[in-house]
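**Student:** Okay, so here is query-v7.pdb, and as you'll see once you scroll down, it has PDB, C-alpha atoms.
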ATOM      1  CA  MET V   1      29.930   9.218 140.825
ATOM      2  CA  LYS V   2      27.049   9.058 143.285
ATOM      3  CA  GLU V   3      27.944   8.259 146.864
ATOM      4  CA  ILE V   4      27.092   4.647 147.684
ATOM      5  CA  THR V   5      26.354   3.526 151.236
ATOM      6  CA  PHE V   6      27.084  -0.006 152.410
ATOM      7  CA  ILE V   7      24.756  -1.024 155.211
ATOM      8  CA  THR V   8      26.691  -3.045 157.789
ATOM      9  CA  GLY V   9      27.595  -2.891 161.436
ATOM     10  CA  ASN V  10      31.039  -4.311 160.694
ATOM     11  CA  GLN V  11      33.638  -1.627 159.945
ATOM     12  CA  ASN V  12      36.171  -4.231 158.727
ATOM     13  CA  LYS V  13      33.640  -5.544 156.219
ATOM     14  CA  ALA V  14      32.994  -2.001 154.991
ATOM     15  CA  ASP V  15      36.714  -1.255 154.691
ATOM     16  CA  TYR V  16      37.326  -4.500 152.805
ATOM     17  CA  LEU V  17      34.491  -3.828 150.366
ATOM     18  CA  ALA V  18      35.699  -0.272 149.668
ATOM     19  CA  LYS V  19      39.267  -1.485 149.186
ATOM     20  CA  TYR V  20      38.260  -4.356 146.920
ATOM     21  CA  LEU V  21      35.939  -2.244 144.783
ATOM     22  CA  GLY V  22      38.442   0.604 144.588
ATOM     23  CA  LEU V  23      35.541   2.999 145.043
ATOM     24  CA  PRO V  24      34.592   5.342 147.857
ATOM     25  CA  ILE V  25      31.970   3.497 149.875
ATOM     26  CA  LYS V  26      30.303   5.095 152.864
ATOM     27  CA  HIS V  27      29.288   2.768 155.688
ATOM     28  CA  VAL V  28      26.271   3.071 157.955
ATOM     29  CA  LYS V  29      24.975   0.701 160.606
ATOM     30  CA  LEU V  30      21.204   0.325 160.446
ATOM     31  CA  ASP V  31      18.867  -2.078 162.177
ATOM     32  CA  LEU V  32      16.802  -3.318 159.269
ATOM     33  CA  ASP V  33      13.817  -5.627 159.479
ATOM     34  CA  GLU V  34      15.031  -9.159 158.899
ATOM     35  CA  ILE V  35      12.294 -11.012 157.046
ATOM     36  CA  GLN V  36      12.287 -14.754 157.599
ATOM     37  CA  SER V  37      12.807 -16.661 154.385
ATOM     38  CA  LEU V  38      15.097 -19.285 152.917
ATOM     39  CA  ASP V  39      15.264 -17.195 149.734
ATOM     40  CA  LEU V  40      18.216 -14.776 149.779
ATOM     41  CA  LYS V  41      16.635 -12.764 146.938
ATOM     42  CA  LYS V  42      13.533 -12.028 149.015
ATOM     43  CA  ILE V  43      15.641 -11.063 152.037
ATOM     44  CA  ILE V  44      18.018  -8.855 150.049
ATOM     45  CA  GLY V  45      15.172  -7.232 148.100
ATOM     46  CA  HIS V  46      13.424  -6.280 151.324
ATOM     47  CA  LYS V  47      16.581  -5.081 153.093
ATOM     48  CA  VAL V  48      17.910  -3.001 150.205
ATOM     49  CA  ARG V  49      14.591  -1.223 149.651
ATOM     50  CA  GLN V  50      14.222  -0.515 153.357
ATOM     51  CA  ALA V  51      17.799   0.790 153.527
ATOM     52  CA  TYR V  52      17.165   3.043 150.535
ATOM     53  CA  GLU V  53      14.073   4.528 152.201
ATOM     54  CA  ILE V  54      16.201   5.484 155.204
ATOM     55  CA  ILE V  55      19.361   6.655 153.385
ATOM     56  CA  GLN V  56      17.610   8.195 150.360
ATOM     57  CA  GLY V  57      20.550   7.331 148.127
ATOM     58  CA  PRO V  58      22.236   4.333 146.477
ATOM     59  CA  VAL V  59      22.767   1.491 148.952
ATOM     60  CA  ILE V  60      24.379  -1.921 149.105
ATOM     61  CA  VAL V  61      23.279  -4.624 151.532
ATOM     62  CA  GLU V  62      24.603  -8.117 152.066
ATOM     63  CA  ASP V  63      23.360 -11.389 153.487
ATOM     64  CA  VAL V  64      24.821 -14.863 153.786
ATOM     65  CA  SER V  65      23.473 -18.383 153.811
ATOM     66  CA  LEU V  66      24.818 -21.788 154.834
ATOM     67  CA  GLU V  67      22.733 -24.633 153.450
ATOM     68  CA  PHE V  68      23.148 -28.213 154.673
ATOM     69  CA  LYS V  69      22.242 -30.676 151.899
ATOM     70  CA  ALA V  70      20.854 -33.107 154.496
ATOM     71  CA  LEU V  71      18.423 -30.418 155.709
ATOM     72  CA  GLY V  72      17.220 -29.113 152.359
ATOM     73  CA  ARG V  73      18.012 -25.404 152.324
ATOM     74  CA  LEU V  74      18.230 -25.094 156.121
ATOM     75  CA  PRO V  75      19.650 -23.355 157.986
ATOM     76  CA  GLY V  76      20.287 -21.127 154.962
ATOM     77  CA  PRO V  77      19.991 -17.410 155.779
ATOM     78  CA  LEU V  78      18.771 -18.412 159.236
ATOM     79  CA  ILE V  79      22.318 -19.568 160.138
ATOM     80  CA  LYS V  80      22.739 -16.407 162.216
ATOM     81  CA  TYR V  81      19.860 -17.517 164.457
ATOM     82  CA  PHE V  82      21.085 -21.116 164.610
ATOM     83  CA  LEU V  83      24.457 -19.791 165.847
ATOM     84  CA  GLU V  84      22.687 -17.654 168.468
ATOM     85  CA  GLU V  85      20.500 -20.496 169.772
ATOM     86  CA  LEU V  86      22.648 -23.609 169.395
ATOM     87  CA  SER V  87      26.265 -24.355 170.123
ATOM     88  CA  GLU V  88      28.491 -24.944 167.123
ATOM     89  CA  GLU V  89      28.769 -28.582 168.263
ATOM     90  CA  GLN V  90      24.975 -28.933 168.170
ATOM     91  CA  ILE V  91      24.885 -27.460 164.673
ATOM     92  CA  CYS V  92      27.531 -29.937 163.466
ATOM     93  CA  ASN V  93      25.497 -32.761 165.030
ATOM     94  CA  LEU V  94      22.399 -31.797 163.010
ATOM     95  CA  VAL V  95      23.793 -33.747 160.047
ATOM     96  CA  ASN V  96      25.125 -36.783 161.929
ATOM     97  CA  GLY V  97      24.302 -39.935 159.983
ATOM     98  CA  ASN V  98      23.594 -37.910 156.828
ATOM     99  CA  THR V  99      25.615 -36.257 154.112
ATOM    100  CA  ARG V 100      27.761 -33.446 155.481
ATOM    101  CA  GLU V 101      27.703 -31.536 152.173
ATOM    102  CA  ALA V 102      26.964 -27.835 152.424
ATOM    103  CA  ILE V 103      27.111 -24.649 150.409
ATOM    104  CA  ALA V 104      28.018 -21.192 151.682
ATOM    105  CA  LYS V 105      26.403 -18.354 149.754
ATOM    106  CA  CYS V 106      26.615 -14.595 149.813
ATOM    107  CA  MET V 107      24.437 -12.068 148.046
ATOM    108  CA  PHE V 108      24.870  -8.331 147.636
ATOM    109  CA  GLY V 109      21.937  -6.138 146.724
ATOM    110  CA  TYR V 110      22.216  -2.670 145.179
ATOM    111  CA  PHE V 111      19.356  -0.205 144.896
ATOM    112  CA  ASP V 112      19.359   3.439 143.836
ATOM    113  CA  GLY V 113      15.616   4.048 143.949
ATOM    114  CA  LYS V 114      15.091   2.718 140.417
ATOM    115  CA  ASP V 115      17.608   0.000 139.622
ATOM    116  CA  LEU V 116      17.603  -3.116 141.824
ATOM    117  CA  GLN V 117      20.497  -5.497 141.223
ATOM    118  CA  MET V 118      21.498  -8.665 143.058
ATOM    119  CA  PHE V 119      24.808 -10.493 142.888
ATOM    120  CA  GLU V 120      25.316 -13.985 144.299
ATOM    121  CA  ASN V 121      28.246 -16.380 144.687
ATOM    122  CA  GLY V 122      28.606 -19.646 146.510
ATOM    123  CA  LEU V 123      31.201 -22.183 147.555
ATOM    124  CA  GLY V 124      30.543 -25.849 148.188
ATOM    125  CA  GLY V 125      32.023 -27.684 151.108
ATOM    126  CA  LYS V 126      31.028 -29.728 154.115
ATOM    127  CA  ILE V 127      30.211 -29.516 157.795
ATOM    128  CA  PRO V 128      32.932 -30.946 160.074
ATOM    129  CA  GLN V 129      32.293 -33.502 162.813
ATOM    130  CA  THR V 130      33.253 -30.822 165.338
ATOM    131  CA  PRO V 131      33.882 -27.057 165.079
ATOM    132  CA  ALA V 132      37.517 -26.034 164.735
ATOM    133  CA  GLY V 133      39.720 -22.978 164.399
ATOM    134  CA  GLU V 134      40.228 -19.647 166.079
ATOM    135  CA  ASN V 135      39.997 -17.266 163.121
ATOM    136  CA  GLY V 136      37.110 -15.876 161.152
ATOM    137  CA  PHE V 137      33.577 -15.171 162.276
ATOM    138  CA  GLY V 138      30.031 -16.361 161.724
ATOM    139  CA  PHE V 139      29.979 -19.940 160.504
ATOM    140  CA  ASP V 140      33.726 -20.185 159.697
ATOM    141  CA  ARG V 141      34.350 -22.753 162.483
ATOM    142  CA  ILE V 142      31.716 -25.119 161.049
ATOM    143  CA  PHE V 143      32.402 -24.921 157.286
ATOM    144  CA  ILE V 144      35.139 -26.771 155.392
ATOM    145  CA  PRO V 145      35.452 -25.272 151.893
ATOM    146  CA  GLU V 146      35.670 -27.563 148.859
ATOM    147  CA  GLY V 147      39.281 -28.545 148.203
ATOM    148  CA  TYR V 148      40.322 -28.148 151.846
ATOM    149  CA  SER V 149      40.441 -30.423 154.879
ATOM    150  CA  SER V 150      40.251 -27.574 157.407
ATOM    151  CA  THR V 151      37.479 -25.193 158.399
ATOM    152  CA  ARG V 152      37.615 -21.599 157.174
ATOM    153  CA  ALA V 153      38.545 -20.639 160.750
ATOM    154  CA  GLU V 154      41.685 -22.814 160.477
ATOM    155  CA  LEU V 155      42.891 -21.569 157.089
ATOM    156  CA  ASN V 156      46.019 -19.485 156.659
ATOM    157  CA  GLU V 157      45.564 -15.905 155.502
ATOM    158  CA  GLU V 158      46.088 -16.698 151.815
ATOM    159  CA  ASP V 159      43.591 -19.591 151.716
ATOM    160  CA  ASP V 160      41.134 -17.619 153.828
ATOM    161  CA  ARG V 161      41.265 -14.812 151.253
ATOM    162  CA  LYS V 162      40.896 -17.240 148.323
ATOM    163  CA  THR V 163      37.789 -18.868 149.795
ATOM    164  CA  TYR V 164      36.345 -15.520 150.927
ATOM    165  CA  LEU V 165      36.605 -14.221 147.362
ATOM    166  CA  LYS V 166      34.789 -17.327 146.065
ATOM    167  CA  ILE V 167      31.912 -16.884 148.501
ATOM    168  CA  LYS V 168      31.561 -13.111 148.109
ATOM    169  CA  PRO V 169      30.386 -11.781 144.717
ATOM    170  CA  PHE V 170      32.802  -8.831 144.777
ATOM    171  CA  ASP V 171      33.730  -9.108 141.096
ATOM    172  CA  LYS V 172      30.120  -9.066 139.907
ATOM    173  CA  LEU V 173      29.322  -6.042 142.074
ATOM    174  CA  LYS V 174      32.490  -4.232 140.995
ATOM    175  CA  GLN V 175      31.793  -4.784 137.278
ATOM    176  CA  PHE V 176      28.252  -3.496 137.679
ATOM    177  CA  LEU V 177      29.317  -0.373 139.603
ATOM    178  CA  GLN V 178      32.121   0.431 137.167
ATOM    179  CA  LYS V 179      29.828  -0.009 134.168
ATOM    180  CA  ASN V 180      27.092   2.157 135.656
ATOM    181  CA  ASN V 181      29.337   4.917 136.966
ATOM    182  CA  GLU V 182      31.372   5.643 133.842
TER     183      GLU V 182
END
Now, as a test, write the supplied structure out as structure tokens.
**Tutor:**
Amino acid sequence: MKEITFITGNQNKADYLAKYLGLPIKHVKLDLDEIQSLDLKKIIGHKVRQAYEIIQGPVIVEDVSLEFKALGRLPGPLIKYFLEELSEEQICNLVNGNTREAIAKCMFGYFDGKDLQMFENGLGGKIPQTPAGENGFGFDRIFIPEGYSSTRAELNEEDDRKTYLKIKPFDKLKQFLQKNNE
């Protein structure tokens, strides 16, 4: 099997992916150009090709999106920048007086120089009135998954794992890698 490199600055994320896939996954932190788009496919396509040019071997990249129904597809993949520029309270207030429905999405991209594959999952939910919880990272304090009354940052370990596995397309990626590395 060819060595696959997961591009992330988060060692825990890399360890979790390798464990879940049951495959040896190398991890490298790279500063990739972050194109501005609301389309995860465009972002992932750009990132995975750029990562391949640097690594010169099969790579996996990931990006996430949090779309507020009241704001169209915003903030979408730009959620990272919203969290850098606004407080979580301000972000929750963006939908005051409107529907609080939202969808969290994650996409993995794989590229080996020839074959480009993308795998996406999503989980519906809503934005709380105020941020809550001490666990998680990213937008976990401002996203209540469908079927729950608490934010992802408030969930117990079991429910956190269940919702994480719904957002992340691990199964799709794993099936593809197993099929193509037999």
**Student:** Can you build me a table of segment 33-79 of chain V residues sitting at most 6 Å from segment 4-16 of chain V, with the closest atom pair per residue and its distance in Å to one decimal, using all atoms listed in the file, sorted by chain and residue number, as CSV?
**Tutor:**
residue,atom,partner,partner_atom,distance
V:Pro58,CA,V:Ile4,CA,5.0
V:Val59,CA,V:Thr5,CA,4.7
V:Ile60,CA,V:Phe6,CA,4.7
V:Val61,CA,V:Ile7,CA,5.4
**Student:** Calculated over all atoms listed in the file, which of the candidates V:Pro145, V:Val48, V:Leu66, V:Leu165 has the smallest distance to Leu83 of chain V?
**Tutor:**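 Comparing V:Pro145, V:Val48, V:Leu66, V:Leu165 against Leu83 of chain V, the winner is V:Leu66.
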**Student:** Would you translate the PyMOL selection byres ((chain V and resi 88) around 8) into the concrete set of residues it matches in this file, as an MDAnalysis selection string?
**Tutor:** chainID V and resid 83 86:87 89:92 130:131 141:142
**Student:** What does the structure give for the distance between atom CA of Glu157 of chain V and atom CA of Ser65 of chain V, in Å to one decimal?
**Tutor:**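 If I compute the distance from atom CA of Glu157 of chain V to atom CA of Ser65 of chain V, I get 22.3 Å.
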**Student:** Atom CA of Ala102 of chain V to atom CA of Leu78 of chain V: how many Å, to one decimal?
**Tutor:**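 Taking atom CA of Ala102 of chain V as the start and atom CA of Leu78 of chain V as the end point, the length is 14.2 Å.
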**Student:** Residues around (40.2, -23.6, 158.8), cut-off 10 Å, counting only C-alpha atoms - what are they as a list of chain:residue names?
**Tutor:** V:Pro131, V:Ala132, V:Gly133, V:Glu134, V:Asn135, V:Gly136, V:Asp140, V:Arg141, V:Ile142, V:Phe143, V:Ile144, V:Pro145, V:Tyr148, V:Ser149, V:Ser150, V:Thr151, V:Arg152, V:Ala153, V:Glu154, V:Leu155, V:Asn156, V:Glu157, V:Asp159, V:Asp160
